[in-house]
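**Student:** Please find one structure pasted underneath; my questions will follow.
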Amino acid sequence: MQVARGEVYIIRYANDFVVATQYRGDAELFLRDVQERCEQFGLRVHPVKTRLVEC
């Protein structure tokens with residue numbers, strides 16, 4: 001389990017969610033961890049809807 005260095009916000013809507021992080025490295029680690037966790041249950045993140053966006 002990783003600990004974020006900066007602020008993290010999770011916005012959930014129905015069965016989707018958006019994660020906003022202060023640092024890109026935190027976002028990359030979160031994405032990797034979510035993908036690994038989903039695989040444990042035979043799930044995967046949607047390849048078209050999943051991406052890192054810099055704001």
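Labels used: A, B, ... for chains in the order of the structure tokens, numbers from 1 for residues in each chain, and numbers from 1 for ligands as shown.
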What parts of chain A does DSSP call alpha helix (DSSP H)? I'd like the answer as a list in words.
**Tutor:**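 In chain A, DSSP puts these residues in alpha helix (DSSP H): Arg24, Gly25, Asp26, Ala27, Glu28, Leu29, Phe30, Leu31, Arg32, Asp33, Val34, Gln35, Glu36, Arg37, Cys38, Glu39 and Gln40 of chain A.
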**Student:** Could the residues in this selection be saved with all heavy atoms as a CSV table (one decimal), in the first residue's frame?
**Tutor:**
chain,number,residue,atom,x,y,z
A,24,ARG,N,1.6,14.1,-9.9
A,24,ARG,CA,1.4,13.1,-11.0
A,24,ARG,C,1.8,11.7,-10.5
A,24,ARG,O,1.2,10.7,-10.8
A,24,ARG,CB,2.1,13.4,-12.2
A,24,ARG,CG,1.9,12.4,-13.4
A,24,ARG,CD,2.5,12.9,-14.7
A,24,ARG,NE,2.2,11.9,-15.7
A,24,ARG,CZ,1.2,12.0,-16.5
A,24,ARG,NH1,0.3,13.0,-16.4
A,24,ARG,NH2,1.0,11.1,-17.4
A,25,GLY,N,2.9,11.6,-9.7
A,25,GLY,CA,3.4,10.3,-9.2
A,25,GLY,C,2.3,9.6,-8.4
A,25,GLY,O,2.2,8.4,-8.5
A,26,ASP,N,1.6,10.4,-7.6
A,26,ASP,CA,0.5,9.8,-6.8
A,26,ASP,C,-0.6,9.2,-7.7
A,26,ASP,O,-1.1,8.1,-7.4
A,26,ASP,CB,-0.1,10.8,-5.9
A,26,ASP,CG,0.8,11.2,-4.7
A,26,ASP,OD1,1.8,10.5,-4.4
A,26,ASP,OD2,0.6,12.3,-4.1
A,27,ALA,N,-0.9,9.9,-8.8
A,27,ALA,CA,-1.9,9.5,-9.7
A,27,ALA,C,-1.4,8.2,-10.4
A,27,ALA,O,-2.2,7.2,-10.6
A,27,ALA,CB,-2.2,10.5,-10.8
A,28,GLU,N,-0.2,8.1,-10.8
A,28,GLU,CA,0.3,6.9,-11.5
A,28,GLU,C,0.3,5.7,-10.5
A,28,GLU,O,-0.1,4.6,-10.9
A,28,GLU,CB,1.7,7.2,-12.0
A,28,GLU,CG,1.8,8.2,-13.1
A,28,GLU,CD,3.2,8.7,-13.4
A,28,GLU,OE1,4.1,8.5,-12.6
A,28,GLU,OE2,3.3,9.4,-14.5
A,29,LEU,N,0.7,5.9,-9.3
A,29,LEU,CA,0.7,4.8,-8.3
A,29,LEU,C,-0.8,4.4,-8.0
A,29,LEU,O,-1.1,3.2,-7.9
A,29,LEU,CB,1.3,5.2,-7.0
A,29,LEU,CG,2.8,5.4,-7.0
A,29,LEU,CD1,3.4,6.0,-5.7
A,29,LEU,CD2,3.5,4.0,-7.3
A,30,PHE,N,-1.7,5.3,-7.9
A,30,PHE,CA,-3.1,5.0,-7.7
A,30,PHE,C,-3.7,4.2,-8.8
A,30,PHE,O,-4.3,3.2,-8.6
A,30,PHE,CB,-3.9,6.3,-7.5
A,30,PHE,CG,-5.3,6.0,-7.1
A,30,PHE,CD1,-5.7,5.9,-5.7
A,30,PHE,CD2,-6.3,5.9,-8.0
A,30,PHE,CE1,-7.0,5.6,-5.3
A,30,PHE,CE2,-7.6,5.6,-7.6
A,30,PHE,CZ,-8.0,5.5,-6.3
A,31,LEU,N,-3.4,4.6,-10.0
A,31,LEU,CA,-3.9,3.9,-11.2
A,31,LEU,C,-3.4,2.5,-11.2
A,31,LEU,O,-4.1,1.5,-11.4
A,31,LEU,CB,-3.5,4.6,-12.5
A,31,LEU,CG,-3.9,3.9,-13.8
A,31,LEU,CD1,-5.4,3.7,-13.8
A,31,LEU,CD2,-3.4,4.8,-15.0
A,32,ARG,N,-2.1,2.3,-11.0
A,32,ARG,CA,-1.5,1.0,-10.9
A,32,ARG,C,-2.1,0.1,-9.8
A,32,ARG,O,-2.5,-1.1,-10.1
A,32,ARG,CB,0.0,1.0,-10.7
A,32,ARG,CG,0.7,-0.3,-10.8
A,32,ARG,CD,2.1,-0.4,-10.2
A,32,ARG,NE,1.9,-0.3,-8.8
A,32,ARG,CZ,2.8,0.3,-8.0
A,32,ARG,NH1,3.9,0.8,-8.4
A,32,ARG,NH2,2.5,0.3,-6.7
A,33,ASP,N,-2.3,0.7,-8.7
A,33,ASP,CA,-2.9,-0.1,-7.5
A,33,ASP,C,-4.4,-0.5,-7.8
A,33,ASP,O,-4.8,-1.6,-7.5
A,33,ASP,CB,-2.8,0.7,-6.3
A,33,ASP,CG,-1.4,0.8,-5.7
A,33,ASP,OD1,-0.5,0.1,-6.2
A,33,ASP,OD2,-1.2,1.7,-4.8
A,34,VAL,N,-5.1,0.4,-8.5
A,34,VAL,CA,-6.5,0.1,-8.8
A,34,VAL,C,-6.6,-1.0,-9.8
A,34,VAL,O,-7.4,-1.9,-9.7
A,34,VAL,CB,-7.3,1.4,-9.3
A,34,VAL,CG1,-8.6,1.0,-10.0
A,34,VAL,CG2,-7.5,2.4,-8.2
A,35,GLN,N,-5.7,-0.9,-10.8
A,35,GLN,CA,-5.7,-2.0,-11.8
A,35,GLN,C,-5.3,-3.3,-11.2
A,35,GLN,O,-6.0,-4.3,-11.5
A,35,GLN,CB,-4.7,-1.7,-12.9
A,35,GLN,CG,-5.1,-0.5,-13.8
A,35,GLN,CD,-4.1,0.0,-14.8
A,35,GLN,OE1,-2.9,0.0,-14.5
A,35,GLN,NE2,-4.5,0.5,-15.9
A,36,GLU,N,-4.4,-3.4,-10.3
A,36,GLU,CA,-4.0,-4.6,-9.6
A,36,GLU,C,-5.1,-5.1,-8.8
A,36,GLU,O,-5.4,-6.3,-8.7
A,36,GLU,CB,-2.7,-4.4,-8.8
A,36,GLU,CG,-1.5,-4.2,-9.6
A,36,GLU,CD,-0.2,-3.9,-8.8
A,36,GLU,OE1,-0.3,-3.9,-7.6
A,36,GLU,OE2,0.8,-3.7,-9.4
A,37,ARG,N,-5.8,-4.2,-8.1
A,37,ARG,CA,-6.9,-4.6,-7.2
A,37,ARG,C,-8.0,-5.2,-8.0
A,37,ARG,O,-8.6,-6.2,-7.6
A,37,ARG,CB,-7.3,-3.4,-6.3
A,37,ARG,CG,-8.4,-3.7,-5.4
A,37,ARG,CD,-7.9,-4.5,-4.2
A,37,ARG,NE,-9.0,-4.6,-3.2
A,37,ARG,CZ,-9.1,-5.6,-2.3
A,37,ARG,NH1,-8.2,-6.5,-2.3
A,37,ARG,NH2,-10.1,-5.6,-1.5
A,38,CYS,N,-8.4,-4.6,-9.1
A,38,CYS,CA,-9.5,-5.0,-9.9
A,38,CYS,C,-9.2,-6.4,-10.4
A,38,CYS,O,-10.0,-7.3,-10.5
A,38,CYS,CB,-9.7,-4.1,-11.1
A,38,CYS,SG,-10.5,-2.6,-10.6
A,39,GLU,N,-7.9,-6.7,-10.9
A,39,GLU,CA,-7.5,-8.0,-11.4
A,39,GLU,C,-7.7,-9.1,-10.4
A,39,GLU,O,-8.0,-10.2,-10.7
A,39,GLU,CB,-6.1,-8.0,-11.8
A,39,GLU,CG,-5.9,-7.2,-13.1
A,39,GLU,CD,-4.4,-7.0,-13.5
A,39,GLU,OE1,-3.5,-7.6,-12.9
A,39,GLU,OE2,-4.1,-6.3,-14.5
A,40,GLN,N,-7.6,-8.8,-9.1
A,40,GLN,CA,-7.8,-9.8,-8.0
A,40,GLN,C,-9.2,-10.3,-8.0
A,40,GLN,O,-9.5,-11.4,-7.6
A,40,GLN,CB,-7.5,-9.2,-6.7
A,40,GLN,CG,-6.0,-8.9,-6.5
A,40,GLN,CD,-5.8,-8.2,-5.1
A,40,GLN,OE1,-6.7,-7.9,-4.4
A,40,GLN,NE2,-4.5,-8.0,-4.8
**Student:** Using backbone DSSP assignments, extract all strand (DSSP E or B) residues from chain A; output them as a PyMOL selection string.
**Tutor:** chain A and resi 8-13+16-21
**Student:** Excluding same-chain residues fewer than 3 positions from Lys49 in chain A, what lies within 12 Å of it counting only C-alpha atoms, as a compact mmCIF listing (two decimals) with N, CA, C and O atoms, in the first residue's frame?
**Tutor:**
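result.txt, freshly written:
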# COMPACT_ATOMS: atom_id res chain seq x y z
N ASP A 16 -18.79 4.99 -11.56
CA ASP A 16 -17.56 5.60 -12.06
C ASP A 16 -16.98 6.49 -10.97
O ASP A 16 -17.65 6.87 -10.02
N PHE A 17 -15.70 6.83 -11.11
CA PHE A 17 -15.10 7.78 -10.19
C PHE A 17 -13.95 8.51 -10.84
O PHE A 17 -13.37 8.05 -11.83
N VAL A 18 -13.66 9.69 -10.31
CA VAL A 18 -12.54 10.51 -10.74
C VAL A 18 -11.66 10.71 -9.53
O VAL A 18 -12.16 10.97 -8.43
N ARG A 44 -11.43 -5.36 -14.74
CA ARG A 44 -10.41 -4.49 -15.30
C ARG A 44 -11.00 -3.10 -15.48
O ARG A 44 -12.22 -2.94 -15.62
N VAL A 45 -10.15 -2.10 -15.47
CA VAL A 45 -10.62 -0.73 -15.69
C VAL A 45 -10.90 -0.56 -17.18
O VAL A 45 -10.29 -1.22 -18.03
N HIS A 46 -11.84 0.31 -17.49
CA HIS A 46 -12.22 0.53 -18.89
C HIS A 46 -11.07 1.24 -19.61
O HIS A 46 -10.67 2.34 -19.22
N LEU A 52 -4.81 9.42 -17.50
CA LEU A 52 -4.27 10.48 -16.65
C LEU A 52 -4.37 11.80 -17.41
O LEU A 52 -3.98 11.87 -18.57
N VAL A 53 -4.91 12.81 -16.75
CA VAL A 53 -5.07 14.12 -17.37
C VAL A 53 -4.42 15.14 -16.46
O VAL A 53 -4.70 15.19 -15.25
**Student:** Between CA of Glu7 in chain A and CA of Glu54 in chain A, measure the distance and give it in Å to one decimal.
**Tutor:**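 Calculated distance between CA of Glu7 in chain A and CA of Glu54 in chain A is 14.8 Å.
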**Student:** Could you tell me how far CA of Asn15 in chain A lies from CA of Val3 in chain A, in Å and to one decimal?
**Tutor:**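 These atoms are spaced 24.2 Å apart.
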**Student:** Measure the distance from CA of Arg5 in chain A to CA of Pro47 in chain A in Å and round it to one decimal.
**Tutor:**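 Taking CA of Arg5 in chain A as the start and CA of Pro47 in chain A as the end point, the length is 26.3 Å.
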